[in-house]
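Structure below is coords16.tsv: TSV, C-alpha atoms.
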chain	number	residue	atom	x	y	z
X	1	MET	CA	-64.91	6.36	31.42
X	2	LYS	CA	-62.61	8.90	29.71
X	3	SER	CA	-60.13	8.69	32.58
X	4	ILE	CA	-60.04	4.89	32.27
X	5	TRP	CA	-59.27	5.09	28.53
X	6	ARG	CA	-56.67	7.80	29.19
X	7	ASN	CA	-54.93	5.54	31.72
X	8	ILE	CA	-55.01	2.61	29.26
X	9	ILE	CA	-53.46	4.74	26.49
X	10	ILE	CA	-50.74	6.04	28.82
X	11	ALA	CA	-49.94	2.52	30.04
X	12	SER	CA	-49.84	1.17	26.47
X	13	SER	CA	-47.56	3.99	25.31
X	14	PHE	CA	-45.23	3.32	28.20
X	15	MET	CA	-45.04	-0.38	27.31
X	16	ILE	CA	-44.29	0.45	23.65
X	17	ILE	CA	-41.49	2.83	24.63
X	18	CYS	CA	-39.98	0.22	26.93
X	19	CYS	CA	-40.08	-2.40	24.17
X	20	VAL	CA	-38.41	-0.04	21.70
X	21	LEU	CA	-35.65	0.79	24.15
X	22	MET	CA	-35.17	-2.88	24.92
X	23	PHE	CA	-34.79	-3.91	21.28
X	24	LEU	CA	-32.72	-0.95	20.07
X	25	PRO	CA	-29.41	-2.75	20.88
X	26	VAL	CA	-30.56	-5.65	18.71
X	27	PHE	CA	-30.98	-3.40	15.70
X	28	PHE	CA	-28.08	-1.07	16.33
X	29	GLY	CA	-25.58	-3.47	17.89
X	30	PRO	CA	-23.19	-2.88	20.75
X	31	SER	CA	-22.17	0.55	19.41
X	32	PHE	CA	-25.57	2.12	20.17
X	33	ARG	CA	-24.23	3.52	23.44
X	34	HIS	CA	-21.41	5.31	21.65
X	35	THR	CA	-22.83	8.50	20.21
X	36	LYS	CA	-19.93	10.92	19.75
X	37	VAL	CA	-16.16	10.80	19.35
X	38	THR	CA	-14.70	13.70	21.29
X	39	ASN	CA	-10.95	13.12	21.05
X	40	THR	CA	-10.48	14.63	17.60
X	41	ILE	CA	-8.78	17.88	16.58
X	42	LEU	CA	-9.35	20.13	13.55
X	43	ILE	CA	-6.70	22.68	12.61
X	44	ASP	CA	-8.06	24.92	9.82
X	45	SER	CA	-5.63	27.85	10.05
X	46	ASP	CA	-2.33	28.85	11.59
X	47	ASP	CA	-4.21	30.41	14.51
X	48	ASP	CA	-5.60	27.01	15.48
X	49	PHE	CA	-2.11	25.83	16.47
X	50	ILE	CA	-2.09	28.62	19.05
X	51	LYS	CA	-5.70	28.03	20.13
X	52	ASN	CA	-4.87	24.41	20.87
X	53	LYS	CA	-1.81	25.53	22.86
X	54	PHE	CA	0.68	23.42	20.93
X	55	PRO	CA	4.28	24.35	21.84
X	56	GLY	CA	6.47	25.99	19.20
X	57	SER	CA	6.32	29.06	16.99
X	58	GLY	CA	5.74	27.41	13.60
X	59	THR	CA	9.14	28.16	12.07
X	60	ASP	CA	11.39	25.61	10.39
X	61	ASN	CA	13.67	25.53	13.44
X	62	ASP	CA	10.83	25.73	15.99
X	63	PRO	CA	7.79	23.93	14.55
X	64	TYR	CA	4.54	23.44	16.40
X	65	ILE	CA	4.67	20.07	18.17
X	66	ILE	CA	1.64	17.80	18.36
X	67	GLU	CA	2.67	14.86	20.49
X	68	ASN	CA	1.53	12.26	23.01
X	69	HIS	CA	-2.14	12.53	22.00
X	70	THR	CA	-4.58	9.68	21.43
X	71	PHE	CA	-7.02	10.27	18.58
X	72	GLY	CA	-10.18	8.29	17.93
X	73	VAL	CA	-11.40	5.43	20.09
X	74	ASN	CA	-10.13	1.92	20.66
X	75	GLU	CA	-13.62	0.47	20.73
X	76	THR	CA	-15.26	-2.27	18.69
X	77	PHE	CA	-18.21	-1.36	16.44
X	78	VAL	CA	-18.03	2.41	16.76
X	79	ARG	CA	-20.50	3.74	14.21
X	80	ASP	CA	-19.30	7.34	14.12
X	81	VAL	CA	-17.40	8.50	11.05
X	82	TYR	CA	-14.60	10.74	12.23
X	83	VAL	CA	-11.18	12.11	11.34
X	84	GLY	CA	-8.79	11.85	14.26
X	85	LEU	CA	-6.55	14.81	13.40
X	86	GLU	CA	-7.12	17.09	10.43
X	87	ILE	CA	-4.72	19.86	9.43
X	88	LYS	CA	-5.49	22.08	6.44
X	89	ASN	CA	-4.96	25.54	5.02
X	90	THR	CA	-1.84	26.23	7.09
X	91	ASN	CA	1.53	27.83	6.36
X	92	LYS	CA	3.37	27.08	9.57
X	93	HIS	CA	5.75	24.17	10.20
X	94	PHE	CA	4.49	21.38	12.43
X	95	VAL	CA	5.47	17.92	13.69
X	96	VAL	CA	3.07	15.14	14.62
X	97	ARG	CA	4.95	12.62	16.75
X	98	ASN	CA	4.46	9.95	19.39
X	99	CYS	CA	0.68	10.00	18.94
X	100	THR	CA	-1.69	7.05	18.75
X	101	PHE	CA	-4.55	6.89	16.25
X	102	PHE	CA	-7.49	4.49	16.36
X	103	GLY	CA	-10.00	3.65	13.66
X	104	GLY	CA	-12.12	6.37	12.20
X	105	LEU	CA	-12.68	7.08	8.54
X	106	VAL	CA	-9.23	8.70	8.37
X	107	SER	CA	-6.82	8.84	11.28
X	108	LEU	CA	-4.78	11.78	9.98
X	109	LYS	CA	-5.80	14.09	7.15
X	110	ILE	CA	-3.58	16.79	5.68
X	111	SER	CA	-4.55	19.10	2.83
X	112	ASN	CA	-3.57	22.43	1.29
X	113	ILE	CA	-0.61	23.11	3.55
X	114	ALA	CA	2.53	25.04	2.64
X	115	LYS	CA	5.46	23.26	1.00
X	116	GLY	CA	7.73	21.28	3.32
X	117	THR	CA	5.95	22.15	6.56
X	118	ALA	CA	4.85	18.68	7.77
X	119	LEU	CA	6.76	15.91	9.52
X	120	ILE	CA	4.82	12.82	10.66
X	121	CYS	CA	7.07	10.56	12.74
X	122	ASN	CA	7.07	7.87	15.42
X	123	ASN	CA	3.28	7.55	15.60
X	124	LYS	CA	1.11	4.44	15.90
X	125	PHE	CA	-1.89	3.94	13.63
X	126	TYR	CA	-4.41	1.17	14.36
X	127	SER	CA	-7.31	0.20	12.18
X	128	LEU	CA	-9.98	-1.82	13.93
X	129	VAL	CA	-13.09	-3.81	13.22
X	130	GLN	CA	-15.73	-1.14	13.21
X	131	ALA	CA	-19.28	-0.89	11.86
X	132	GLU	CA	-21.56	-3.82	11.02
X	133	TRP	CA	-22.72	-2.12	7.82
X	134	ASP	CA	-19.14	-2.24	6.55
X	135	ASN	CA	-18.77	-6.00	6.95
X	136	LEU	CA	-17.02	-5.52	10.29
X	137	ARG	CA	-14.26	-3.52	8.64
X	138	GLY	CA	-12.98	-0.23	9.91
X	139	ASP	CA	-10.66	2.20	8.22
X	140	SER	CA	-7.71	4.30	9.27
X	141	GLY	CA	-4.42	5.66	8.00
X	142	ILE	CA	-3.28	8.92	6.42
X	143	ASN	CA	-4.85	11.03	3.69
X	144	ILE	CA	-2.71	13.73	2.06
X	145	LYS	CA	-3.87	16.06	-0.71
X	146	ASN	CA	-2.26	19.06	-2.39
X	147	SER	CA	0.61	19.19	0.11
X	148	SER	CA	4.17	18.83	-1.15
X	149	HIS	CA	7.34	17.70	0.64
X	150	VAL	CA	5.48	15.89	3.44
X	151	ILE	CA	7.66	13.44	5.37
X	152	ILE	CA	6.14	10.25	6.86
X	153	ARG	CA	8.92	8.52	8.78
X	154	ASP	CA	9.33	5.74	11.37
X	155	ASN	CA	5.62	5.20	12.02
X	156	PHE	CA	3.88	1.95	12.92
X	157	PHE	CA	0.69	0.98	11.07
X	158	ASN	CA	-1.24	-2.06	12.23
X	159	CYS	CA	-4.75	-3.52	12.41
X	160	ILE	CA	-6.54	-4.77	15.50
X	161	ASP	CA	-7.92	-8.27	15.06
X	162	ARG	CA	-11.25	-9.12	16.69
X	163	PHE	CA	-13.53	-12.01	17.57
X	164	TYR	CA	-17.20	-11.35	16.82
X	165	ASN	CA	-20.02	-13.91	16.96
X	166	ASP	CA	-17.42	-16.64	17.44
X	167	LYS	CA	-15.64	-15.63	14.23
X	168	TYR	CA	-12.13	-14.28	13.92
X	169	TYR	CA	-11.52	-11.23	11.74
X	170	ILE	CA	-8.20	-9.81	10.64
X	171	GLY	CA	-8.74	-6.12	11.22
X	172	TYR	CA	-9.20	-4.44	7.85
X	173	GLY	CA	-6.18	-2.30	7.29
X	174	GLY	CA	-6.17	1.39	6.63
X	175	ILE	CA	-4.90	3.29	3.65
X	176	VAL	CA	-2.12	5.78	3.14
X	177	TYR	CA	-3.67	7.73	0.28
X	178	VAL	CA	-1.69	10.55	-1.31
X	179	THR	CA	-2.81	12.67	-4.24
X	180	GLU	CA	-1.46	15.83	-5.88
X	181	SER	CA	1.42	15.99	-3.42
X	182	ASP	CA	4.88	16.05	-4.98
X	183	ASN	CA	8.16	15.13	-3.26
X	184	LEU	CA	6.47	12.92	-0.70
X	185	VAL	CA	8.79	10.87	1.53
X	186	ILE	CA	7.55	7.61	3.10
X	187	GLU	CA	10.55	6.13	4.86
X	188	GLY	CA	11.35	3.62	7.59
X	189	ASN	CA	7.72	2.76	8.42
X	190	SER	CA	6.18	-0.58	9.33
X	191	PHE	CA	2.87	-1.35	7.59
X	192	ARG	CA	0.66	-4.33	8.37
X	193	GLU	CA	-2.47	-4.72	6.25
X	194	HIS	CA	-2.38	-1.13	4.98
X	195	TYR	CA	-2.87	-0.07	1.36
X	196	LEU	CA	-0.37	2.48	0.03
X	197	LYS	CA	-1.86	4.44	-2.86
X	198	ILE	CA	0.15	7.28	-4.42
X	199	ILE	CA	-1.65	9.20	-7.18
X	200	ASN	CA	-0.49	12.17	-9.27
X	201	SER	CA	2.45	12.87	-6.96
X	202	ASN	CA	5.77	13.35	-8.73
X	203	ASN	CA	9.17	12.58	-7.18
X	204	SER	CA	7.65	10.41	-4.48
X	205	SER	CA	9.94	8.28	-2.34
X	206	LEU	CA	9.00	4.94	-0.77
X	207	CYS	CA	12.14	3.61	0.89
X	208	PHE	CA	13.25	1.31	3.73
X	209	ASN	CA	9.72	0.27	4.73
X	210	GLN	CA	8.39	-3.07	5.98
X	211	ILE	CA	5.08	-3.86	4.29
X	212	GLU	CA	3.00	-6.93	5.14
X	213	ILE	CA	-0.23	-7.56	3.21
X	214	PHE	CA	-3.03	-10.05	3.91
X	215	ASP	CA	-6.24	-8.94	2.22
X	216	VAL	CA	-5.74	-5.41	0.91
X	217	PRO	CA	-4.15	-4.35	-2.41
X	218	GLY	CA	-0.40	-4.00	-2.71
X	219	PRO	CA	1.45	-0.67	-3.03
X	220	TYR	CA	0.16	1.29	-6.02
X	221	PHE	CA	1.74	4.23	-7.85
X	222	GLU	CA	-0.23	5.99	-10.60
X	223	ASP	CA	0.62	9.13	-12.57
X	224	SER	CA	3.64	9.63	-10.29
X	225	PRO	CA	6.74	9.86	-12.49
X	226	TYR	CA	10.30	10.26	-11.21
X	227	SER	CA	9.48	8.25	-8.10
X	228	LYS	CA	11.98	6.21	-6.11
X	229	ILE	CA	10.90	2.87	-4.65
X	230	SER	CA	13.83	1.19	-2.98
X	231	ASP	CA	15.01	-1.00	-0.11
X	232	ASN	CA	11.50	-2.07	0.93
X	233	LYS	CA	10.48	-5.51	2.10
X	234	ILE	CA	7.00	-6.40	0.87
X	235	ILE	CA	5.33	-9.65	1.92
X	236	PHE	CA	2.01	-10.78	0.42
X	237	HIS	CA	0.11	-13.35	2.52
X	238	TYR	CA	-2.86	-15.24	1.11
X	239	SER	CA	-3.88	-12.65	-1.46
X	240	TYR	CA	-3.73	-11.85	-5.15
X	241	SER	CA	-2.16	-8.48	-4.44
X	242	THR	CA	0.50	-7.05	-6.70
X	243	PHE	CA	2.99	-4.22	-6.47
X	244	ILE	CA	1.76	-1.94	-9.30
X	245	ILE	CA	3.48	0.92	-11.12
X	246	GLU	CA	1.15	2.65	-13.60
X	247	LYS	CA	1.81	5.72	-15.76
X	248	SER	CA	4.85	6.58	-13.65
X	249	SER	CA	7.74	6.87	-16.08
X	250	TYR	CA	11.36	7.66	-15.20
X	251	SER	CA	11.06	5.96	-11.83
X	252	PHE	CA	13.52	3.74	-9.97
X	253	ILE	CA	12.46	0.38	-8.48
X	254	GLU	CA	15.58	-0.92	-6.80
X	255	ASN	CA	16.85	-3.17	-3.99
X	256	ASN	CA	13.39	-4.33	-2.91
X	257	ILE	CA	12.46	-7.75	-1.53
X	258	VAL	CA	9.03	-8.93	-2.72
X	259	GLU	CA	7.78	-12.24	-1.30
X	260	LEU	CA	4.50	-13.96	-2.18
X	261	GLU	CA	2.75	-16.89	-0.55
X	262	ASP	CA	-0.19	-17.10	-2.96
X	263	SER	CA	-1.10	-16.26	-6.56
X	264	GLY	CA	-0.30	-12.85	-7.98
X	265	ASN	CA	2.44	-10.96	-9.75
X	266	GLY	CA	5.55	-9.62	-8.08
X	267	ILE	CA	5.95	-6.28	-9.88
X	268	LEU	CA	3.37	-5.17	-12.46
X	269	VAL	CA	4.32	-2.23	-14.71
X	270	LEU	CA	1.60	-0.54	-16.79
X	271	GLU	CA	2.10	2.28	-19.31
X	272	SER	CA	5.40	3.34	-17.75
X	273	ASN	CA	8.59	4.03	-19.70
X	274	HIS	CA	12.26	4.55	-18.89
X	275	LEU	CA	12.14	2.72	-15.56
X	276	SER	CA	15.11	1.16	-13.83
X	277	ILE	CA	14.03	-2.17	-12.28
X	278	THR	CA	17.27	-3.26	-10.69
X	279	ASN	CA	18.55	-5.61	-7.99
X	280	ASN	CA	15.18	-6.71	-6.67
X	281	SER	CA	14.50	-10.12	-5.13
X	282	ILE	CA	11.07	-11.36	-6.26
X	283	ILE	CA	10.28	-14.77	-4.83
X	284	ARG	CA	7.35	-17.03	-4.20
X	285	ASP	CA	7.99	-19.16	-1.13
X	286	VAL	CA	7.71	-22.49	-2.96
X	287	PHE	CA	6.79	-23.59	-6.45
X	288	ASP	CA	3.11	-24.50	-6.51
X	289	PRO	CA	1.45	-25.42	-9.84
X	290	GLU	CA	-1.85	-24.02	-8.54
X	291	LYS	CA	-0.48	-20.53	-7.94
X	292	SER	CA	-0.18	-18.50	-11.12
X	293	GLY	CA	1.65	-15.23	-11.60
X	294	VAL	CA	4.64	-13.46	-13.13
X	295	GLY	CA	7.71	-12.16	-11.33
X	296	ILE	CA	8.04	-8.97	-13.41
X	297	LEU	CA	5.30	-8.16	-15.91
X	298	LEU	CA	5.38	-5.20	-18.32
X	299	SER	CA	2.36	-4.07	-20.35
X	300	GLU	CA	2.47	-1.10	-22.72
X	301	SER	CA	5.79	-0.11	-21.17
X	302	SER	CA	8.92	0.61	-23.23
X	303	TYR	CA	12.58	1.61	-22.91
X	304	ASN	CA	12.91	0.07	-19.47
X	305	LEU	CA	15.95	-1.58	-17.90
X	306	ILE	CA	15.45	-4.90	-16.08
X	307	HIS	CA	18.78	-5.73	-14.50
X	308	LEU	CA	20.23	-7.84	-11.66
X	309	ASN	CA	16.90	-9.16	-10.38
X	310	VAL	CA	16.46	-12.59	-8.77
X	311	ILE	CA	13.13	-14.25	-9.62
X	312	ARG	CA	11.94	-17.65	-8.34
X	313	TYR	CA	8.96	-20.01	-8.46
X	314	PHE	CA	6.42	-18.14	-10.61
X	315	LEU	CA	4.14	-20.46	-12.52
X	316	THR	CA	3.34	-18.28	-15.52
X	317	TYR	CA	6.70	-16.62	-16.29
X	318	GLY	CA	9.65	-15.12	-14.47
X	319	ILE	CA	9.68	-12.08	-16.78
X	320	SER	CA	6.94	-11.28	-19.29
X	321	LEU	CA	6.79	-8.42	-21.80
X	322	ARG	CA	3.21	-8.08	-22.96
X	323	ILE	CA	1.62	-6.00	-25.70
X	324	ASN	CA	3.32	-2.73	-26.72
X	325	SER	CA	6.27	-3.23	-24.37
X	326	ASN	CA	9.08	-2.46	-26.78
X	327	ASN	CA	12.80	-1.69	-26.75
X	328	ASN	CA	13.40	-2.93	-23.23
X	329	ILE	CA	16.79	-4.29	-22.14
X	330	ILE	CA	16.92	-7.36	-19.91
X	331	PHE	CA	20.25	-8.72	-18.68
X	332	HIS	CA	22.14	-10.08	-15.65
X	333	ASN	CA	18.91	-11.34	-14.08
X	334	SER	CA	18.83	-14.74	-12.36
X	335	LEU	CA	15.74	-16.88	-12.95
X	336	TYR	CA	15.10	-20.09	-11.04
X	337	ASN	CA	12.34	-22.65	-11.45
X	338	ASN	CA	9.74	-20.45	-13.11
X	339	THR	CA	7.21	-22.30	-15.36
X	340	LEU	CA	9.10	-25.57	-14.90
X	341	SER	CA	5.91	-27.56	-14.42
X	342	THR	CA	4.97	-26.82	-18.05
X	343	PHE	CA	8.54	-27.05	-19.40
X	344	GLN	CA	8.28	-23.64	-21.05
X	345	SER	CA	10.70	-20.76	-21.21
X	346	GLN	CA	11.00	-18.73	-18.03
X	347	GLY	CA	10.76	-15.57	-20.15
X	348	ASN	CA	8.01	-14.31	-22.43
X	349	ASP	CA	8.04	-11.59	-25.11
X	350	GLU	CA	4.98	-10.43	-27.06
X	351	SER	CA	6.41	-7.15	-28.41
X	352	TYR	CA	9.34	-5.99	-30.55
X	353	GLY	CA	12.82	-4.55	-30.18
X	354	ASN	CA	13.48	-6.07	-26.77
X	355	ILE	CA	17.02	-7.27	-26.12
X	356	TRP	CA	17.53	-10.06	-23.59
X	357	TYR	CA	21.28	-9.43	-23.18
X	358	ASN	CA	23.79	-6.61	-23.06
X	359	PHE	CA	25.21	-6.36	-26.57
X	360	HIS	CA	28.18	-4.27	-25.42
X	361	ILE	CA	29.59	-7.04	-23.20
X	362	ASN	CA	27.80	-10.04	-24.77
X	363	GLU	CA	26.23	-11.14	-21.49
X	364	GLY	CA	22.63	-12.12	-20.94
X	365	ASN	CA	20.72	-13.71	-18.06
X	366	TYR	CA	21.10	-16.79	-15.91
X	367	TRP	CA	18.42	-19.44	-16.54
X	368	ASN	CA	18.68	-22.42	-14.26
X	369	ASP	CA	17.06	-24.65	-16.92
X	370	LEU	CA	19.56	-23.72	-19.66
X	371	GLY	CA	21.12	-27.17	-19.62
X	372	SER	CA	23.72	-27.69	-22.35
X	373	ASN	CA	22.21	-25.10	-24.70
X	374	SER	CA	24.33	-22.18	-25.89
X	375	THR	CA	21.34	-19.85	-26.33
X	376	TYR	CA	18.03	-19.52	-24.54
X	377	VAL	CA	14.80	-19.20	-26.52
X	378	ILE	CA	12.23	-16.78	-25.08
X	379	ALA	CA	8.58	-17.79	-25.43
X	380	GLY	CA	6.11	-15.51	-27.22
X	381	THR	CA	5.34	-14.04	-30.61
X	382	ALA	CA	8.44	-11.82	-30.72
X	383	GLY	CA	10.77	-14.77	-31.31
X	384	SER	CA	13.37	-13.33	-28.93
X	385	VAL	CA	16.50	-15.20	-27.90
X	386	ASP	CA	19.03	-14.65	-25.15
X	387	LEU	CA	22.13	-15.09	-27.28
X	388	PHE	CA	24.54	-14.97	-24.38
X	389	PRO	CA	23.00	-16.77	-21.38
X	390	LEU	CA	25.17	-16.97	-18.28
X	391	SER	CA	26.48	-20.24	-16.93
X	392	GLU	CA	26.50	-18.83	-13.40
X	393	PRO	CA	24.29	-16.16	-11.76
X	394	ILE	CA	25.69	-12.69	-11.25
X	395	THR	CA	26.35	-11.89	-7.59
X	396	VAL	CA	26.30	-8.30	-6.40
Re-express the file's structure as structure tokens.
Amino acid sequence: MKSIWRNIIIASSFMIICCVLMFLPVFFGPSFRHTKVTNTILIDSDDDFIKNKFPGSGTDNDPYIIENHTFGVNETFVRDVYVGLEIKNTNKHFVVRNCTFFGGLVSLKISNIAKGTALICNNKFYSLVQAEWDNLRGDSGINIKNSSHVIIRDNFFNCIDRFYNDKYYIGYGGIVYVTESDNLVIEGNSFREHYLKIINSNNSSLCFNQIEIFDVPGPYFEDSPYSKISDNKIIFHYSYSTFIIEKSSYSFIENNIVELEDSGNGILVLESNHLSITNNSIIRDVFDPEKSGVGILLSESSYNLIHLNVIRYFLTYGISLRINSNNNIIFHNSLYNNTLSTFQSQGNDESYGNIWYNFHINEGNYWNDLGSNSTYVIAGTAGSVDLFPLSEPITV
């Protein structure tokens, strides 16, 4: 009798184990088979460059070269959290080039390296739809901390779109997140659906980049004074994203093209003084009375120059100076068809001491709704007036 019951228990246990194994993919999804990401590299000291047999000697003229590697996995629904390539606590010069990065929590992480020792160039970074618990969104990009004079140049950042359960997902973009890293250079890169966040990093440079945004925030600078943001093309598709400058005084925002298809502000400045916002083109594709926003909006930001910008088709205002934005100078800007559906001024001023013209040359701004008026009244509690509006826009 005991042997019969023993056989029944063994058979029942076997059936239970088979059922569990059969239903595990249901609970854990198609990534259950993927248990470990092996193509990752950690460099935690100068010796690790040698251990990994990277060519070079680590000098300025002969840096270690990390090239032609693929990091991470190009696989849908990978559950593993991994960093593709991490470099930290090093003093030697190195170059990461011609590599391909997929998914992960962070594709490339750099921290606590010696000044001016890193060049990241000509790589491809792909974010991809990843884990079900994260709403089918993966993450990727670059994370830099406490590492000055890092150069990120001529890289390609993109997201891999996926179909899942008969639904189409734009692959959630990665993030280039920089903190406590002065003299950063981000130049000549192409970003699609990637969030650029620069925090507490003085003298940063974001120049000559192509940035295309669908559903992630726009470029964001915070506590990063003396930065230069120039010659970028930034396109916002179907989002409320905004290009934000916060607590980053003495910076230059020049020669950028900012295009919006949906609601949102073009350039939002918060608690930043002594900026030069010059020669930018800030345009919504068409005027739509359902799509609110301001071309250039200042809040708690004073002593700034707004000069030679072209601003079109923003429902709320072309230029708006909100609370505690004082002693700014605004002239030689060209404003077209902003707020025309409500027949209000294209400019707004809620502060004091702002001058909407250059009093040395008696020239103000071009307002395409000036009509036969000799002055242009600015909306808002300040009671400002452009005393010398231009009859024709300034061409550069």
7 Å contact set for range 184-190 of chain X, all atoms listed in the file, chain neighbours under 3 positions out, as a list in words | Ser148, His149, Val150, Ile151, Ile152, Arg153, Asp154, Asn155, Phe156, Phe157, Ser181, Ser204, Ser205, Leu206, Cys207, Phe208, Asn209, Gln210 and Ile211 of chain X
For CA of His237 in chain X and CA of Glu259 in chain X, determine how far apart the two atoms are, in Å to one decimal place.
->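 Spanning CA of His237 in chain X to CA of Glu259 in chain X is a straight-line distance of 8.6 Å.
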Which residue gives the smallest distance to Gly174 in chain X among X:Asn304, X:Ser127, X:Asn74, X:Thr90, with only C-alpha atoms counted?
-> X:Ser127
Which of these residues is nearest to Tyr376 in chain X, using only C-alpha atoms: X:Lys109, X:Ser45, X:Asn327, X:Pro389?
->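 Selected residue with least distance to Tyr376 in chain X: X:Pro389.
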Can you tell me how far CA of Tyr357 in chain X sits from CA of Asn333 in chain X, in Å to one decimal?
-> 9.6 Å
Select, counting all atoms listed in the file, all protein, DNA and RNA residues no farther than 9 Å from (-3.6, -6.0, -5.1) in file coordinates, and express the selection as an NGL selection string.
-> :X and (195 or 215-220 or 239-244 or 264)
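Coordinates place CA of Leu260 in chain X at a distance of 26.2 Å from CA of Gly364 in chain X.
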Return the single residue from X:Phe331, X:Trp367, X:Phe49, X:Tyr177 that is closest to Ser111 in chain X, with distances computed using only C-alpha atoms.
-> X:Tyr177
Shortest interatomic distance to Ser351 in chain X - which of X:His332, X:Ser281, X:Lys92, X:Ser302, counting all atoms listed in the file | X:Ser302
Distance criterion (all atoms listed in the file): nearest to Ile378 in chain X out of X:Leu390, X:Ile175, X:Leu119, X:Ile355 |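 Nearest candidate to Ile378 in chain X out of X:Leu390, X:Ile175, X:Leu119, X:Ile355: X:Ile355.
Minimum atom-to-atom distances from X:Val294, X:Leu275, X:Val83, X:Ile234 to His307 in chain X were compared using all atoms listed in the file, and the lowest value belongs to X:Leu275.
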Give me the residues within 7 Å of Val377 in chain X as a VMD selection string, counting all atoms listed in the file and dropping any in the same chain fewer than 4 places off.
-> chain X and resid 345 384 to 386
Contacts of Thr316 in chain X at 7 Å or less, counting all atoms listed in the file, minus same-chain residues fewer than 3 places along, as a VMD selection string?
-> chain X and resid 292 to 294 339
